[in-house]
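Asks: What follows is a single structure, and I will ask about it in a moment.
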Amino acid sequence: MRDVVEIPARCTCGNPLVAATAPRLSNGIPFPTTFYLTHPAATAAVSRLEASGLMAQMSERLTTDTQLAQAYRGAHENYLSERERIRALAGLEPVWEIEGISAGGMPDRVKCLHVLVGHSLAVGPGINPLGDEALELITEEFSPQVCSCAGSWDHDADVPQRDLSRHVRRRNQGFARQDDAAQDPVSQDTGETA
């Protein structure tokens with residue numbers, strides 16, 4: 001996990017359930033996703049919910065249930081407010097590129113249940129209705145009140161020595177193409193290979 005500012009939700013044993021990430025990564029990339037669900041048991045349970053088609057059902061309900069849609073818009077506003085709090089805590093300047101953009105599909109659809117559950121765990125129940133609902137649906141597999149850490153964490157795994165995220169890989173690939181073009185501008189202009 002990179003650019004973590006705080007751990008807003010923990011297992012009863014102290015392991016992280018949710019990590020709060022800076023809205024601008026240390027490599028300069030604006031990053032709207034603030035709350036990351038980090039616990040392996042929780043992420044697995046939520047992944048199974050996503051695979052069941054629940055997100056499409058929730059998105060459909062948002063179009064017909066005005067009370068749910070209004071509460072979900074409130075969750076969106078809370079997410080933006082929490083991201084601003086995390087930004088200030090990290091000592092960062094405002095990140096205008098993602099202003100008004102939350103995560104997980106909010107405020108109009110459901111795009112990522114991991115984000116919604118992470119948000120619910122970070123801020124507590126009653127703020128994100130669909131995150132709360134998803135948490136209720138996984139209680140047989142995961143509950144924040146019950147430690148399920150035994151076997152969930154691989155403490156013997158190698159620690160990554162560099163950032164291999166897709167954002168960094170794409171940025172590095174772009175720089176590599178620019179470097180290639182600078183070294184051989186003729187082949188880049190004509191489409192011929194050197």
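Scheme for the structure tokens: letters A, B, ... for chains in order shown; per-chain residue numbers from 1; ligand numbers from 1 in order shown.
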Extract the full set of strand (DSSP E or B) residues from region 7-120 of chain A according to DSSP on the backbone, and format it as a ChimeraX atom specification.
Replies: /A:7-10,16-21,24,30,35-37
Asks: Could the residues in this selection be written to a file with C-alpha atoms, as a compact mmCIF listing (two decimals), in the first residue's frame?
Replies:
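And here's selection_26.txt as it stands now:
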```
# COMPACT_ATOMS: atom_id res chain seq x y z
CA ILE A 7 -5.57 3.42 9.22
CA PRO A 8 -9.17 4.46 9.93
CA ALA A 9 -10.47 0.95 10.71
CA ARG A 10 -8.74 -1.94 12.43
CA PRO A 16 -5.65 -2.89 9.42
CA LEU A 17 -9.08 -3.30 7.84
CA VAL A 18 -8.95 -0.06 5.84
CA ALA A 19 -6.10 2.20 4.76
CA ALA A 20 -6.66 5.86 3.91
CA THR A 21 -4.55 6.99 0.97
CA ARG A 24 -2.10 12.87 -4.57
CA PRO A 30 -4.01 12.46 -8.46
CA PHE A 35 -10.40 4.27 1.49
CA TYR A 36 -8.88 0.90 0.63
CA LEU A 37 -10.26 -2.30 2.05
```
Asks: I'd like the neighbourhood of Gly126 (chain A) as a ChimeraX atom specification, where a residue qualifies if any of its atoms comes within 12 Å (using only C-alpha atoms), though same-chain residues fewer than 4 positions away should be ignored.
Replies: /A:68,71-72,74-75,78,119-122,130-133,135
Asks: Selection from above, C-alpha atoms, as a tab-separated table (two decimals), in the first residue's frame, can you write it?
Replies:
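Here's the written file part-v9.tsv:
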```tsv
chain	number	residue	atom	x	y	z
A	68	LEU	CA	-31.66	5.42	-1.18
A	71	ALA	CA	-28.60	8.76	1.18
A	72	TYR	CA	-26.01	7.56	-1.35
A	74	GLY	CA	-24.85	11.98	1.16
A	75	ALA	CA	-22.25	9.19	1.26
A	78	ASN	CA	-19.03	12.50	3.12
A	119	HIS	CA	-15.83	3.76	3.37
A	120	SER	CA	-18.43	2.22	5.71
A	121	LEU	CA	-15.75	0.67	7.91
A	122	ALA	CA	-13.74	3.91	7.98
A	130	LEU	CA	-24.79	0.49	0.20
A	131	GLY	CA	-21.48	-0.08	1.96
A	132	ASP	CA	-23.42	-0.90	5.13
A	133	GLU	CA	-25.69	-3.25	3.15
A	135	LEU	CA	-21.15	-5.47	5.07
```
Asks: Just asking: which residues within region 4-154 of chain A are helix (DSSP H, G or I) according to DSSP, as JSON, numbers by chain?
Replies: {"A": [40, 41, 42, 43, 44, 45, 46, 47, 48, 49, 50, 51, 54, 55, 56, 57, 58, 59, 60, 61, 62, 63, 64, 66, 67, 68, 69, 70, 71, 72, 73, 74, 75, 76, 77, 78, 79, 80, 81, 82, 83, 84, 85, 86, 87, 88, 89, 90, 96, 97, 98, 113, 114, 115, 116, 117, 118, 119, 120, 121, 122, 123, 129, 130, 131, 132, 133, 134, 135, 136, 137]}
Asks: Can those selected residues be exported to a file as a CSV table (one decimal), in the first residue's frame so that it contains C-alpha atoms?
Replies:
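Output contents, as saved in result-v6.csv:
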```csv
chain,number,residue,atom,x,y,z
A,40,PRO,CA,-7.7,-10.3,3.0
A,41,ALA,CA,-10.8,-12.0,4.4
A,42,ALA,CA,-12.9,-8.8,3.8
A,43,THR,CA,-11.6,-8.3,0.3
A,44,ALA,CA,-12.3,-11.9,-0.6
A,45,ALA,CA,-15.9,-11.8,0.7
A,46,VAL,CA,-16.6,-8.5,-1.1
A,47,SER,CA,-15.1,-9.9,-4.3
A,48,ARG,CA,-17.6,-12.7,-4.1
A,49,LEU,CA,-20.4,-10.2,-3.7
A,50,GLU,CA,-19.2,-8.3,-6.7
A,51,ALA,CA,-19.1,-11.5,-8.8
A,54,LEU,CA,-25.0,-7.3,-6.7
A,55,MET,CA,-23.5,-4.0,-8.1
A,56,ALA,CA,-25.9,-3.9,-11.0
A,57,GLN,CA,-28.8,-4.6,-8.7
A,58,MET,CA,-27.7,-1.8,-6.4
A,59,SER,CA,-27.2,0.6,-9.3
A,60,GLU,CA,-30.7,-0.2,-10.6
A,61,ARG,CA,-32.2,0.4,-7.1
A,62,LEU,CA,-30.6,3.9,-7.1
A,63,THR,CA,-32.7,4.8,-10.2
A,64,THR,CA,-36.0,3.8,-8.5
A,66,THR,CA,-35.2,8.2,-4.2
A,67,GLN,CA,-34.6,7.8,-0.5
A,68,LEU,CA,-31.7,5.4,-1.2
A,69,ALA,CA,-30.3,7.7,-3.9
A,70,GLN,CA,-30.4,10.7,-1.6
A,71,ALA,CA,-28.6,8.8,1.2
A,72,TYR,CA,-26.0,7.6,-1.4
A,73,ARG,CA,-25.4,11.1,-2.5
A,74,GLY,CA,-24.9,12.0,1.2
A,75,ALA,CA,-22.2,9.2,1.3
A,76,HIS,CA,-20.6,10.8,-1.8
A,77,GLU,CA,-20.4,14.2,0.0
A,78,ASN,CA,-19.0,12.5,3.1
A,79,TYR,CA,-16.4,10.7,1.0
A,80,LEU,CA,-15.3,14.1,-0.4
A,81,SER,CA,-15.2,15.6,3.0
A,82,GLU,CA,-13.1,12.7,4.4
A,83,ARG,CA,-10.7,12.9,1.5
A,84,GLU,CA,-10.3,16.6,2.2
A,85,ARG,CA,-9.5,15.8,5.8
A,86,ILE,CA,-7.0,13.2,4.7
A,87,ARG,CA,-5.4,15.7,2.3
A,88,ALA,CA,-5.0,18.3,5.1
A,89,LEU,CA,-3.6,15.6,7.4
A,90,ALA,CA,-1.1,14.7,4.8
A,96,TRP,CA,-8.1,20.1,-8.2
A,97,GLU,CA,-7.9,17.3,-10.8
A,98,ILE,CA,-10.2,15.1,-8.7
A,113,LEU,CA,-18.1,-2.6,-3.5
A,114,HIS,CA,-14.6,-2.7,-2.0
A,115,VAL,CA,-14.6,1.1,-1.9
A,116,LEU,CA,-18.1,1.3,-0.4
A,117,VAL,CA,-17.3,-1.3,2.3
A,118,GLY,CA,-14.0,0.4,3.0
A,119,HIS,CA,-15.8,3.8,3.4
A,120,SER,CA,-18.4,2.2,5.7
A,121,LEU,CA,-15.8,0.7,7.9
A,122,ALA,CA,-13.7,3.9,8.0
A,123,VAL,CA,-16.6,6.3,8.9
A,129,PRO,CA,-26.1,2.8,2.9
A,130,LEU,CA,-24.8,0.5,0.2
A,131,GLY,CA,-21.5,-0.1,2.0
A,132,ASP,CA,-23.4,-0.9,5.1
A,133,GLU,CA,-25.7,-3.2,3.2
A,134,ALA,CA,-22.7,-5.1,1.6
A,135,LEU,CA,-21.2,-5.5,5.1
A,136,GLU,CA,-24.4,-7.0,6.3
A,137,LEU,CA,-24.4,-9.5,3.4
```
Asks: For a quick check of understanding, using only C-alpha atoms, which of A:Gly124, A:Lys111, A:Ser52, A:Gly105 has the smallest distance to Pro144 (chain A)?
Replies: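 The answer is A:Gly124, which sits nearest to Pro144 (chain A).
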Asks: Using Å and a single decimal, report how far CA of Phe142 (chain A) sits from CA of Arg109 (chain A).
Replies: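 It comes out at 24.4 Å.
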